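Raw model10.csv, CSV, C-alpha atoms:
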```csv
chain,number,residue,atom,x,y,z
A,270,MET,CA,190.3,12.9,25.6
A,271,ARG,CA,189.2,9.5,24.5
A,272,LEU,CA,188.2,9.1,20.9
A,273,TYR,CA,185.4,6.6,20.3
A,274,THR,CA,185.1,4.9,16.9
A,275,LEU,CA,182.4,2.7,15.3
A,276,ASN,CA,183.8,0.1,13.0
A,277,GLY,CA,187.1,2.0,12.9
A,278,GLN,CA,185.4,5.2,11.8
A,279,CYS,CA,185.6,8.5,13.7
A,280,ASN,CA,182.3,9.8,12.0
A,281,ILE,CA,179.2,8.4,10.4
A,282,SER,CA,178.8,11.2,7.8
A,283,GLY,CA,182.0,10.9,5.8
A,284,SER,CA,180.7,8.5,3.1
A,285,ARG,CA,177.7,10.7,2.6
A,286,ILE,CA,179.8,13.9,2.5
A,287,ARG,CA,181.9,12.2,-0.3
A,288,GLU,CA,178.8,11.1,-2.1
A,289,ALA,CA,177.3,14.6,-2.0
A,290,ARG,CA,180.6,16.2,-3.0
A,291,ILE,CA,180.9,14.0,-6.1
A,292,ARG,CA,177.2,14.5,-7.0
A,293,ALA,CA,177.8,18.3,-6.8
A,294,GLY,CA,180.8,18.0,-9.1
A,295,LEU,CA,183.2,19.4,-6.5
A,296,SER,CA,186.8,18.4,-5.8
A,297,GLN,CA,187.9,18.1,-2.2
A,298,GLU,CA,189.8,21.3,-2.7
A,299,GLU,CA,186.7,23.1,-3.9
A,300,LEU,CA,184.7,21.9,-1.0
A,301,ALA,CA,187.4,23.1,1.4
A,302,ALA,CA,187.3,26.5,-0.3
A,303,ARG,CA,183.5,26.6,0.3
A,304,MET,CA,184.0,25.8,3.9
A,305,GLN,CA,186.6,28.5,4.2
A,306,LEU,CA,184.1,31.0,2.8
A,307,THR,CA,181.9,30.2,5.8
A,308,GLY,CA,184.8,31.2,8.1
A,309,LEU,CA,185.8,27.6,9.0
A,310,GLN,CA,189.4,27.0,8.2
A,311,MET,CA,189.5,23.6,6.5
A,312,GLY,CA,191.8,22.3,3.9
A,313,GLN,CA,191.7,19.5,1.3
A,314,MET,CA,193.4,17.1,3.7
A,315,ALA,CA,190.7,17.7,6.3
A,316,ILE,CA,188.0,16.9,3.7
A,317,SER,CA,189.9,13.7,2.8
A,318,ARG,CA,190.2,12.6,6.4
A,319,ILE,CA,186.5,13.3,7.0
A,320,GLU,CA,185.5,11.3,3.9
A,321,THR,CA,187.7,8.3,5.0
A,322,GLY,CA,186.4,8.4,8.6
A,323,LYS,CA,189.8,9.4,10.1
A,324,ARG,CA,188.6,12.8,11.3
A,325,VAL,CA,185.8,13.6,13.8
A,326,VAL,CA,183.1,15.9,12.4
A,327,PRO,CA,182.0,18.2,15.2
A,328,ASP,CA,178.3,19.1,15.4
A,329,PHE,CA,178.9,22.7,14.5
A,330,GLU,CA,180.5,21.7,11.2
A,331,LEU,CA,177.6,19.5,10.0
A,332,PRO,CA,175.2,22.3,9.0
A,333,LEU,CA,178.1,24.2,7.3
A,334,LEU,CA,179.1,21.1,5.3
A,335,ALA,CA,175.4,20.4,4.5
A,336,GLU,CA,174.9,23.9,3.2
A,337,ALA,CA,178.1,23.8,1.1
A,338,LEU,CA,176.9,20.5,-0.5
A,339,GLY,CA,173.3,21.4,-0.9
A,340,VAL,CA,171.9,18.7,1.3
A,341,THR,CA,170.6,18.6,4.9
A,342,ALA,CA,172.5,17.7,8.0
A,343,ASN,CA,170.0,14.9,8.6
A,344,TRP,CA,170.9,13.5,5.2
A,345,LEU,CA,174.6,13.6,6.0
A,346,LEU,CA,173.8,11.6,9.2
A,347,GLY,CA,171.7,9.1,7.3
A,348,LEU,CA,168.5,10.1,8.9
A,349,SER,CA,166.5,10.9,5.7
```

Here is a file; write its structure as structure tokens.
Amino acid sequence: MRLYTLNGQCNISGSRIREARIRAGLSQEELAARMQLTGLQMGQMAISRIETGKRVVPDFELPLLAEALGVTANWLLGLS
């Protein structure tokens, strides 16, 4: 499978995920724990890679991340 990037980034939501996480007062480990409570196995390293644009964020993860952060998926995508 070929991985497409934009400006060297594998996702467009990473910087917003980081911003929302910091605003919520969460560590990467705490966000990972919230994601695990949704049934999605994700560790601190995965959160770090998402935030730095080194990991793809599949569409099914966006609503879960948004809910855990108290924002909308559209906001994470920069649409609102």

So, counting only C-alpha atoms, which residue among A:Ala335, A:Leu346, A:Leu300, A:Leu295 is closest to Met314 in chain A?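 The shortest atom-to-atom distance to Met314 in chain A comes from A:Leu300.
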
From the options A:Thr274, A:Gln313, A:Asn280, A:Thr307, which residue's atoms come nearest to Pro327 in chain A, counting all atoms listed in the file? A:Asn280

Top pick for closest residue to Asp328 in chain A, considering A:Ser296, A:Ser282, A:Arg287, A:Gln310 and counting all atoms listed in the file: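 Going through A:Ser296, A:Ser282, A:Arg287, A:Gln310 one by one, the smallest distance to Asp328 in chain A is for A:Ser282.
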
Nearest to Ile286 in chain A among A:Leu272, A:Leu333, A:Glu320, A:Met311, with distances taken over only C-alpha atoms: which residue is it?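 Comparing A:Leu272, A:Leu333, A:Glu320, A:Met311 against Ile286 in chain A, the winner is A:Glu320.
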
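Atom pair CA of Leu348 in chain A / CA of Arg318 in chain A has a distance of 22.0 Å (rounded to one decimal).
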
Using only C-alpha atoms, which residue out of A:Thr341, A:Thr321, A:Ser349, A:Gln297 lies closest to Ile281 in chain A?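 Smallest distance to Ile281 in chain A is found for A:Thr321.
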
Would you please work out which residue, of A:Glu288, A:Arg271, A:Arg303, A:Ala293, is nearest to Leu334 in chain A when using all atoms listed in the file? A:Arg303

Can you tell me, as a PyMOL selection string, what residues are no more than 8 Å from Ile319 in chain A when counting only C-alpha atoms, ignoring any on the same chain fewer than 5 positions away? chain A and resi 280+283+324-326
